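Data block below; observations after.
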Protein chains: 4
Amino acid sequence: MSRKIRMGMVGGGRGAFIGGVHRMAAALDGQIELVCGAFSSNAEKSRLSGEDLFLPANRVYGSFKEMILKEKELPEGERMDFVSIVTPNHVHYEPAKMALENGFHVVCDKPLSFNMEEAHDLEKIVNESGLIFALTHNYTGYPMVKQARAMVKNGDIGSIRKIVVEYPQGWLSTKLEDSDQKQAAWRTDPTKSGIAGAMGDIGTHAENLAEYITGLKITEMCADLSAFVDGRLLDDDGNVLLRFDNGAKGILHASQISVGEENNLNIRVYGTLAGLEWHQMEPNTLCVKWRDKPLEILRTGVGELYPETQAHTRIPAGHPEGYLEAFASIYRNFAFCVRARLEGKEVDPLYMDFPSVSDGVRGMQFIERVVASSASEEKWLKF
Amino acid sequence: MSRKIRMGMVGGGRGAFIGGVHRMAAALDGQIELVCGAFSSNAEKSRLSGEDLFLPANRVYGSFKEMILKEKELPEGERMDFVSIVTPNHVHYEPAKMALENGFHVVCDKPLSFNMEEAHDLEKIVNESGLIFALTHNYTGYPMVKQARAMVKNGDIGSIRKIVVEYPQGWLSTKLEDSDQKQAAWRTDPTKSGIAGAMGDIGTHAENLAEYITGLKITEMCADLSAFVDGRLLDDDGNVLLRFDNGAKGILHASQISVGEENNLNIRVYGTLAGLEWHQMEPNTLCVKWRDKPLEILRTGVGELYPETQAHTRIPAGHPEGYLEAFASIYRNFAFCVRARLEGKEVDPLYMDFPSVSDGVRGMQFIERVVASSASEEKWLKF
Amino acid sequence: MSRKIRMGMVGGGRGAFIGGVHRMAAALDGQIELVCGAFSSNAEKSRLSGEDLFLPANRVYGSFKEMILKEKELPEGERMDFVSIVTPNHVHYEPAKMALENGFHVVCDKPLSFNMEEAHDLEKIVNESGLIFALTHNYTGYPMVKQARAMVKNGDIGSIRKIVVEYPQGWLSTKLEDSDQKQAAWRTDPTKSGIAGAMGDIGTHAENLAEYITGLKITEMCADLSAFVDGRLLDDDGNVLLRFDNGAKGILHASQISVGEENNLNIRVYGTLAGLEWHQMEPNTLCVKWRDKPLEILRTGVGELYPETQAHTRIPAGHPEGYLEAFASIYRNFAFCVRARLEGKEVDPLYMDFPSVSDGVRGMQFIERVVASSASEEKWLKF
Amino acid sequence: MSRKIRMGMVGGGRGAFIGGVHRMAAALDGQIELVCGAFSSNAEKSRLSGEDLFLPANRVYGSFKEMILKEKELPEGERMDFVSIVTPNHVHYEPAKMALENGFHVVCDKPLSFNMEEAHDLEKIVNESGLIFALTHNYTGYPMVKQARAMVKNGDIGSIRKIVVEYPQGWLSTKLEDSDQKQAAWRTDPTKSGIAGAMGDIGTHAENLAEYITGLKITEMCADLSAFVDGRLLDDDGNVLLRFDNGAKGILHASQISVGEENNLNIRVYGTLAGLEWHQMEPNTLCVKWRDKPLEILRTGVGELYPETQAHTRIPAGHPEGYLEAFASIYRNFAFCVRARLEGKEVDPLYMDFPSVSDGVRGMQFIERVVASSASEEKWLKF
């Protein structure tokens with residue numbers, strides 16, 4: 001008989017942000033249960049976090065290493081099935097590697113790793129292990145992103161000519177990292193975040209979204225990154241010209257100093273027959289701008305949408321689904337795949353849809369290339 | 001040590017809509033676990049639904065009666081703490097009554113009951129039992145509804161003069177009940193829905209929202225209900241003039257034949273100093289229209305909002321929270337109250353905020369009065 | 001050979017608001033020239049206003065009586081063709097009557113007159129004279145209002161069931177008439193405005209718009225008018241239930257105490273096949289909410305619109321036309337009709353489209369009935 | 001005594017688009033009268049156009065040369081005061097030069113000329129003549145553009161860091177120039193339009209708007225222009241990275257193949273204290289995104305706006321002003337300056353605000369540089 005898939009979490013203790021998001025996302029659809037965790041590198045903090053989450057004391061660990069080793073010894077009916085890694089960038093690689101090497105599937109927050117070397121290594125380990133690996137580029141989980149992708153794939157908008165993808169935020173417009181704001185601190189710290197700031201944190205989401213929806217690949221880029229806030233060590237803003245493998249042109253910009261912007265990821269894709277426009281902050285709406293008929297507003301749950309869209313919609317039209325639901329779709333699809341593996345069954349291809357380790361490698365390459373392009377006097381760098 | 005609160009569900013088997021919503025809402029915040037259910041009056045269907053939900057076979061019951069009696073016999077460490085009732089209107093009263101009489105707390109979908117008599121009876125039972133009862137007027141769970149209410153309470157908008165509350169939908173603009181659409185069928189059937197159609201299903205949400213935000217009470221109403229679709233037995237549209245206890249005037253209209261409208265609950269409240277505007281379909285935005293300064297757009301998670309608002313916000317600005325999160329806030333607050341009861345502790349008043357059995361009685365009175373007003377030749381009926 | 005149509009103006013001197021609007025509207029399309037005026041009952045003020053407008057001194061008069069008599073004596077090639085009346089409500093009747101009786105066509109601001117008696121009398125005089133009379137219910141001049149009307153007429157939205165028309169403003173939420181604000185002063189003064197305040201000033205626009213777009217007639221109404229501001233003598237807010245001659249139901253509300261609202265006239269019309277939504281403050285957009293296909297956004301100048309719409313559009317899509325253009329369309333159509341009369345030609349029926357004296361009578365009846373309904377204890381008053 | 005300013009027009013005959021816009025814009029405020037014209041290089045077509053405009057036959061000319069020479073011979077009280085040039089780009093220089101050399105002020109459509117040489121020459125002639133010259137970069141005429149500029153100038157948004165200016169259109173997404181669409185034909189023809197297509201037609205508007213609002217100058221650019229439509233000879237899309245003289249970074253993109261876009265000029269400017277956002281298609285709204293207080297929506301005519309804004313607003317809040325009103329503000333300000341010159345008076349500096357010949361030269365330089373940058377392999381070209 002079927003059962004819930006069991007999750008162990010690395011990171012996400014008291015005071016963290018994204019850990020709670022992962023837990024809500026994992027819980028939402030009733031497919032996954034949190035059974036254990038190493039919520040902090042501080043054992044006492046991990047213990048307290050475990051209590052907050054109603055976990056039995058013996059399943060709360062002081063380190064991811066302890067967790068992986070101890071859980072491995074538990075009987076199949078009890079031990080975790082997968083590890084969810086929700087730590088800052090520089091603590092993705094080690095727990096992911098160790099989990100995979102010990103036979104656990106992995107969900108990992110993005111970007112994949114601290115640097116390219118780790119990324120390639122992880123890709124190799126995943127491929128060799130045959131285990132299931134999901135990267136939480138969560139914005140691709142929205143129903144209307146699925147619809148946009150399906151429309152492109154089915155030729156509804158014709159051949160793509162232009163893509164504009166934006167991700168402005170304003171929360172780092174002052175030197176917030178000098179206060180005790182934990183989120184700001186590690187994101188602006190090259191020893192934790194890697195070689196990029198805004199481009200790694202959110203630029204990769206933009207890159208991932210653009211390639212996911214269009215099915216195109218960026219082939220060349222020309223970047224201009226800045227660190228506007230005095231004393232900041234990593235980019236807090238970047239403007240990038242793009243060229244795609246079908247000849248399309250594009251613009252990507254991401255910013256954390258665009259004052260007053262919340263989390264305004266958005267994309268416009270123009271084909272020969274129609275343009276698409278989608279905004280993360282009003283995610284249930286997809287504008288379709290036809291060449292020769294009136295503008296249409298597609299809405300989650302309304303009318304005839306593609307099966308991909310419907311498969312990622314939970315509630316009827318007009319009941320807004322949000323960020324957590326999109327995030328949850330990655331966990332749900334991952335859980336369906338893990339369960340199918342456990343039960344030796346096939347997964348409906350509609351659900352075999354979550355960002356992979358290869359998407360993660362591509363994101364790391366994007367970071368590496370965009371930083372190189374910005375430093376270069378050459379106009380175009382190959383991607 | 002603390003533990004999750006245990007839920008048993010009545011209704012919500014395969015093919016139902018609102019049952020799944022309640023389960024997601026209950027799961028989201030990690031405070032509640034589903035431990036048992038009587039998901040259908042058809043025992044086999046209940047069993048299959050239980051399997052879908054990964055419940056052990058011995059906790060899936062063929063009827064709510066069986067569930068309540070069997071669970072009552074289980075030891076405290078195992079049995080359910082509360083019953084969640086997600087059946088159509090005519091099957092609210094009996095399970096709620098029986099659950100309360102057997103010592104279980106209750107969450108019940110709205111409207112409270114099939115008729116006034118049941119409503120008064122339930123109110124009496126709740127009050128005598130001292131048990132905790134929550135009615136899922138879920139729209140009051142949104143952060144920006146909390147903000148609107150707090151602004152009114154704190155005098156930010158001055159003395160209220162006018163309220164316009166609307167709830168247009170279009171899904172019943174044809175005779176959908178003649179197809180096999182289960183949701184349409186019971187909502188338009190007087191033997192299951194009660195004396196009202198749209199006014200009971202959604203008009204009560206509008207009434208509840210208006211009174212919740214403003215803290216005012218409707219004192220008089222003048223209604224004009226219609227059944228526009230040929231052969232429909234209950235109202236599918238209604239327009240109502242309102243008068244409030246402070247002298248404010250208002251309009252409430254609700255409709256299920258407003259073609260092309262999804263679930264467009266919205267409210268405008270005009271005081272002497274400012275007007276407020278909120279739309280359920282874009283719920284993280286609250287417009288504040290000041291008399292003497294520029295229009296402000298308040299957004300979930302942005303800037304200084306009231307503690308009530310923050311207490312019902314999960315994620316940072318720009319990550320849209322939706323319908324399920326608002327719904328979940330009712331379950332979470334309810335769970336906090338049940339846990340406090342179990343542990344003999346106090347609850348932070350910020351969380352003692354969910355619709356009560358008295359709100360349910362008021363909703364039933366609204367239904368009764370609005371139907372009477374529509375049938376009457378008198379202009380104003382007292383509420 | 002053709003020539004511009006010659007306008008003489010009554011009212012609209014320095015300090016007035018609507019006079020300037022009429023002059024810009026008349027000038028826009030190059031069909032009309034202002035040749036004379038009696039801009040104020042104060043002769044000196046009239047003279048100065050005439051100078052501002054670059055008129056020769058001998059064509060600026062001290063009273064409308066003087067203007068009509070003197071202009072009548074001028075030769076045909078020189079004298080004015082029509083009188084434009086832009087005075088407060090209580091000074092519409094006399095100049096209109098005198099102009100008509102002396103053979104001049106008339107454009108008159110709304111509402112038609114101070115009371116019903118004047119209205120009926122004017123209608124009689126217009127009909128007997130055979131002269132051309134236009135009332136400036138300017139909001140019907142917008143391209144997307146033409147489109148909405150044409151869609152209804154052509155059956156695109158099916159049979160109409162529900163109409164919601166709103167006209168909230170906030171500018172009179174305090175006792176502005178106690179300052180020296182001229183616009184507020186006469187509008188709130190029963191000796192100048194008539195028996196209604198907001199209902200006369202803007203409620204009539206709402207009534208006119210609803211009947212213009214739908215082609216339906218209001219048959220019954222139930223009104224609740226208020227004067228919220230202490231000491232105000234006329235209504236500053238009103239809520240009205242409506243019934244239409246085809247069985248449709250509706251709501252009309254108009255307010256001048258809805259704090260923070262600018263000039264938010266808007267309408268929603270729901271038929272059996274589609275709903276329409278239009279907002280005056282974003283006038284180039286018409287939402288069409290289809291029952292069985294995605295929401296469409298029709299835009300001025302985009303794609304295939306009805307000939308009526310195109311005939312009232314000046315510039316290509318995306319170049320917003322506004323209030324003055326809509327107002328100008330009334331003047332332009334009026335000028336086309338006057339010129340056709342002068343030249344003994346036919347007018348394209350597309351341009352025989354401006355509010356008539358009968359629309360003005362209907363507006364006055366609306367005022368009379370809505371005030372009576374509010375005062376009555378009967379639920380429904382016939383219209 | 002004052003009189004209207006007299007306009008003679010070059011171009012704008014039957015079938016033209018922008019000529020009619022100029023005439024409506026010139027007429028709107030009652031400051032200017034059209035007294036003569038050379039509406040087409042085809043004398044018969046010019047004559048017919050003159051008849052349409054109710055001009056006397058002797059003031060309708062067969063060529064701009066004839067017009068300038070004949071008008072010059074008329075007495076001061078009769079002859080035109082200025083020439084308005086509304087021809088395609090390659091017919092700007094000659095009539096402008098000749099008008100200036102014969103003592104007439106000039107209004108000229110943008111871009112200033114066909115090439116840089118003409119541009120520099122015109123600037124020299126204007127400066128030497130001391131005559132008044134206005135270029136119709138009409139988008140700077142909107143009230144909320146004035147407000148944005150004033151806010152920047154007064155330091156309200158702090159030091160500017162980032163500017164994003166966009167001008168997508170979709171009307172040339174197919175090879176429209178192969179049909180008989182006159183507007184498409186000359187704009188895509190290098191012998192009439194010059195070296196640029198979209199960048200000249202609309203990219204210059206974007207450049208002008210960005211520099212006008214911010215008061216900054218572009219110092220470097222990196223461009224990627226494309227001609228997406230097969231066989232098209234000039235760019236129909238372009239993406240440009242910008243650097244400004246204060247260290248700010250920016251993006252400019254303009255397109256005529258962005259399917260479904262109407263005329264979507266928009267700009268976002270981010271300073272250290274606030275961000276501004278304005279959209280031409282909803283021009284009466286200016287979003288102000290504060291760093292530390294709620295988002296404000298400034299609206300034409302509402303509350304306390306800068307004097308510059310008020311000086312370019314005609315009608316009260318909520319009565320939308322549009323494209324023609326913004327265009328008219330250029331003509332009105334120009335007329336005020338011409339009249340002041342005629343009467344030997346000073347002009348209120350609030351009205352000495354319209355694009356000059358130097359703005360035109362800058363626009364031509366932008367065209368030249370952006371085309372060069374796109375062709376270059378160097379990353380950054382100086383502007």
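Residue numbering restarts at 1 for every chain of the structure tokens, chains are lettered A, B, ... in their displayed order, and ligands are numbered from 1 as they appear.
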Exercise for review: Show me which bits of chain D are within 10 Å of chain A, counting only C-alpha atoms, as an NGL selection string.
Suggested key: :D and (157 or 161-164 or 170-171 or 173-174 or 222-226 or 228-229 or 237-243 or 247-253 or 255 or 257-262 or 268-276 or 288-295 or 376-380)
Practice item. Going by DSSP on the backbone, which bits of stretch 89-249 of chain B are alpha helix (DSSP H)? Write them as a PyMOL selection string, please. Key: chain B and resi 93-101+116-129+143-153+182-187+190-193+198+204-214
Take the residues just selected and output them with C-alpha atoms as an mmCIF file, in the first residue's frame.
data_model
loop_
_atom_site.group_PDB
_atom_site.id
_atom_site.type_symbol
_atom_site.label_atom_id
_atom_site.label_comp_id
_atom_site.auth_asym_id
_atom_site.auth_seq_id
_atom_site.Cartn_x
_atom_site.Cartn_y
_atom_site.Cartn_z
ATOM 1 C CA TYR B 93 -25.991 20.129 11.626
ATOM 2 C CA GLU B 94 -26.032 16.464 12.528
ATOM 3 C CA PRO B 95 -22.305 15.741 12.495
ATOM 4 C CA ALA B 96 -21.541 19.048 14.218
ATOM 5 C CA LYS B 97 -24.062 18.364 16.954
ATOM 6 C CA MET B 98 -22.887 14.813 17.481
ATOM 7 C CA ALA B 99 -19.219 15.795 17.495
ATOM 8 C CA LEU B 100 -19.815 18.501 20.076
ATOM 9 C CA GLU B 101 -21.954 16.251 22.213
ATOM 10 C CA MET B 116 -32.328 28.904 11.329
ATOM 11 C CA GLU B 117 -33.564 26.317 13.763
ATOM 12 C CA GLU B 118 -30.470 24.194 13.334
ATOM 13 C CA ALA B 119 -28.323 27.314 13.592
ATOM 14 C CA HIS B 120 -29.763 28.394 16.923
ATOM 15 C CA ASP B 121 -29.527 24.887 18.218
ATOM 16 C CA LEU B 122 -25.863 24.576 17.252
ATOM 17 C CA GLU B 123 -25.056 27.904 18.865
ATOM 18 C CA LYS B 124 -26.653 26.672 22.079
ATOM 19 C CA ILE B 125 -24.746 23.389 21.995
ATOM 20 C CA VAL B 126 -21.425 25.113 21.337
ATOM 21 C CA ASN B 127 -21.964 27.569 24.148
ATOM 22 C CA GLU B 128 -22.997 24.878 26.612
ATOM 23 C CA SER B 129 -20.158 22.566 25.655
ATOM 24 C CA PRO B 143 -3.609 39.502 5.415
ATOM 25 C CA MET B 144 -5.026 42.581 3.710
ATOM 26 C CA VAL B 145 -8.466 41.914 5.159
ATOM 27 C CA LYS B 146 -6.813 41.912 8.571
ATOM 28 C CA GLN B 147 -5.139 45.194 7.653
ATOM 29 C CA ALA B 148 -8.404 46.757 6.518
ATOM 30 C CA ARG B 149 -10.121 45.724 9.718
ATOM 31 C CA ALA B 150 -7.271 47.050 11.848
ATOM 32 C CA MET B 151 -7.269 50.354 9.983
ATOM 33 C CA VAL B 152 -10.962 50.796 10.600
ATOM 34 C CA LYS B 153 -10.623 49.817 14.245
ATOM 35 C CA LYS B 182 -21.991 17.854 -8.453
ATOM 36 C CA GLN B 183 -21.170 21.340 -7.135
ATOM 37 C CA ALA B 184 -23.942 22.942 -9.168
ATOM 38 C CA ALA B 185 -26.448 20.224 -8.341
ATOM 39 C CA TRP B 186 -26.600 20.553 -4.585
ATOM 40 C CA ARG B 187 -26.183 24.311 -4.522
ATOM 41 C CA PRO B 190 -33.578 23.584 -2.036
ATOM 42 C CA THR B 191 -33.529 20.263 -0.234
ATOM 43 C CA LYS B 192 -29.756 20.449 0.154
ATOM 44 C CA SER B 193 -28.909 24.131 0.025
ATOM 45 C CA ALA B 198 -26.388 32.504 -4.464
ATOM 46 C CA THR B 204 -23.155 35.291 3.212
ATOM 47 C CA HIS B 205 -19.433 35.654 2.511
ATOM 48 C CA ALA B 206 -20.075 39.228 1.385
ATOM 49 C CA GLU B 207 -22.156 40.005 4.464
ATOM 50 C CA ASN B 208 -19.537 38.428 6.722
ATOM 51 C CA LEU B 209 -16.683 40.308 5.078
ATOM 52 C CA ALA B 210 -18.430 43.680 5.303
ATOM 53 C CA GLU B 211 -19.246 43.297 8.966
ATOM 54 C CA TYR B 212 -15.846 41.811 9.787
ATOM 55 C CA ILE B 213 -13.866 44.635 8.223
ATOM 56 C CA THR B 214 -16.040 47.492 9.404
#
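Atom CA of A:Ala340 sits 22.4 Å away from atom CA of A:His137.
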Exercise for review: Going by DSSP on the backbone, which bits of stretch 80-307 of chain C are strand (DSSP E or B)? Write them as a ChimeraX atom specification, please.
Suggested key: /C:82-85,105-108,133-135,160-168,218-226,237-244,249-255,266-271,274-279,285-290,295-299
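Among the candidates D:Glu325, D:Glu282, D:Asp52, D:Glu296, the residue lying nearest to C:Met24 is D:Glu325 (atoms considered: only C-alpha atoms).
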Exercise for review: Excluding D:Arg23 and any residue of its chain fewer than 5 positions from it, enumerate the residues within 10 Å of it, using only C-alpha atoms, and give them as a count of residues only.
Suggested key: 17
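Rounded to one decimal, atom CA of B:Ala38 and atom CA of B:Val10 lie 5.0 Å from each other.
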8 Å contact set for B:Val35, only C-alpha atoms, chain neighbours under 5 positions out, as a PDB file with C-alpha atoms, in the first residue's frame:
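What follows is the written file around-v8.pdb:
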ATOM      1  CA  ARG B   6      -5.502  15.645  15.082  1.00  0.00           C
ATOM      2  CA  MET B   7      -8.268  16.100  12.559  1.00  0.00           C
ATOM      3  CA  GLY B   8     -11.063  13.781  11.521  1.00  0.00           C
ATOM      4  CA  LEU B  55      -4.761   6.793   6.067  1.00  0.00           C
ATOM      5  CA  ARG B  59      -9.281   5.030  10.716  1.00  0.00           C
ATOM      6  CA  ARG B  79      -7.901   9.816  18.873  1.00  0.00           C
ATOM      7  CA  MET B  80      -8.830  12.835  16.830  1.00  0.00           C
TER       8      MET B  80
END
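Candidate residues A:Pro111, A:Gly15, A:Gly141, A:Gly77 were compared for distance to A:Ser2, and the nearest is A:Gly77, using only C-alpha atoms.
Of the listed residues A:Phe354, A:Asn263, A:Ala372, A:Asn58, the one whose atoms come nearest to B:Ile315 is A:Asn263, with distances taken using only C-alpha atoms.
Near D:Gly13, within a cut-off of 10 Å and counting only C-alpha atoms, sit the residues Gly19, Gly20, Gly37, Ala38, Phe39, Ser40, Ser41, Asn42, Lys45, Ser46, Arg47, Leu48, Ser49, Gly50, Asp52, Leu53, Val86 and Thr87 of chain D, with same-chain residues fewer than 6 positions away left out.
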Do a neighbour search on B:Gly197 at 7 Å with only C-alpha atoms, toss out local chain neighbours closer than 6 positions, and write the hits as an mmCIF file with C-alpha atoms, in the first residue's frame.
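Written out: part_38.cif:
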data_model
loop_
_atom_site.group_PDB
_atom_site.id
_atom_site.type_symbol
_atom_site.label_atom_id
_atom_site.label_comp_id
_atom_site.auth_asym_id
_atom_site.auth_seq_id
_atom_site.Cartn_x
_atom_site.Cartn_y
_atom_site.Cartn_z
ATOM 1 C CA ARG B 187 -26.183 24.311 -4.522
ATOM 2 C CA THR B 188 -29.313 24.815 -6.637
ATOM 3 C CA LEU B 234 -33.249 29.226 -5.985
ATOM 4 C CA ASP B 235 -31.906 32.739 -6.477
ATOM 5 C CA ASP B 236 -28.901 33.034 -8.757
#
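The two atoms in question, atom CA of C:Thr313 and atom CA of D:Lys4, are spaced 27.7 Å apart.
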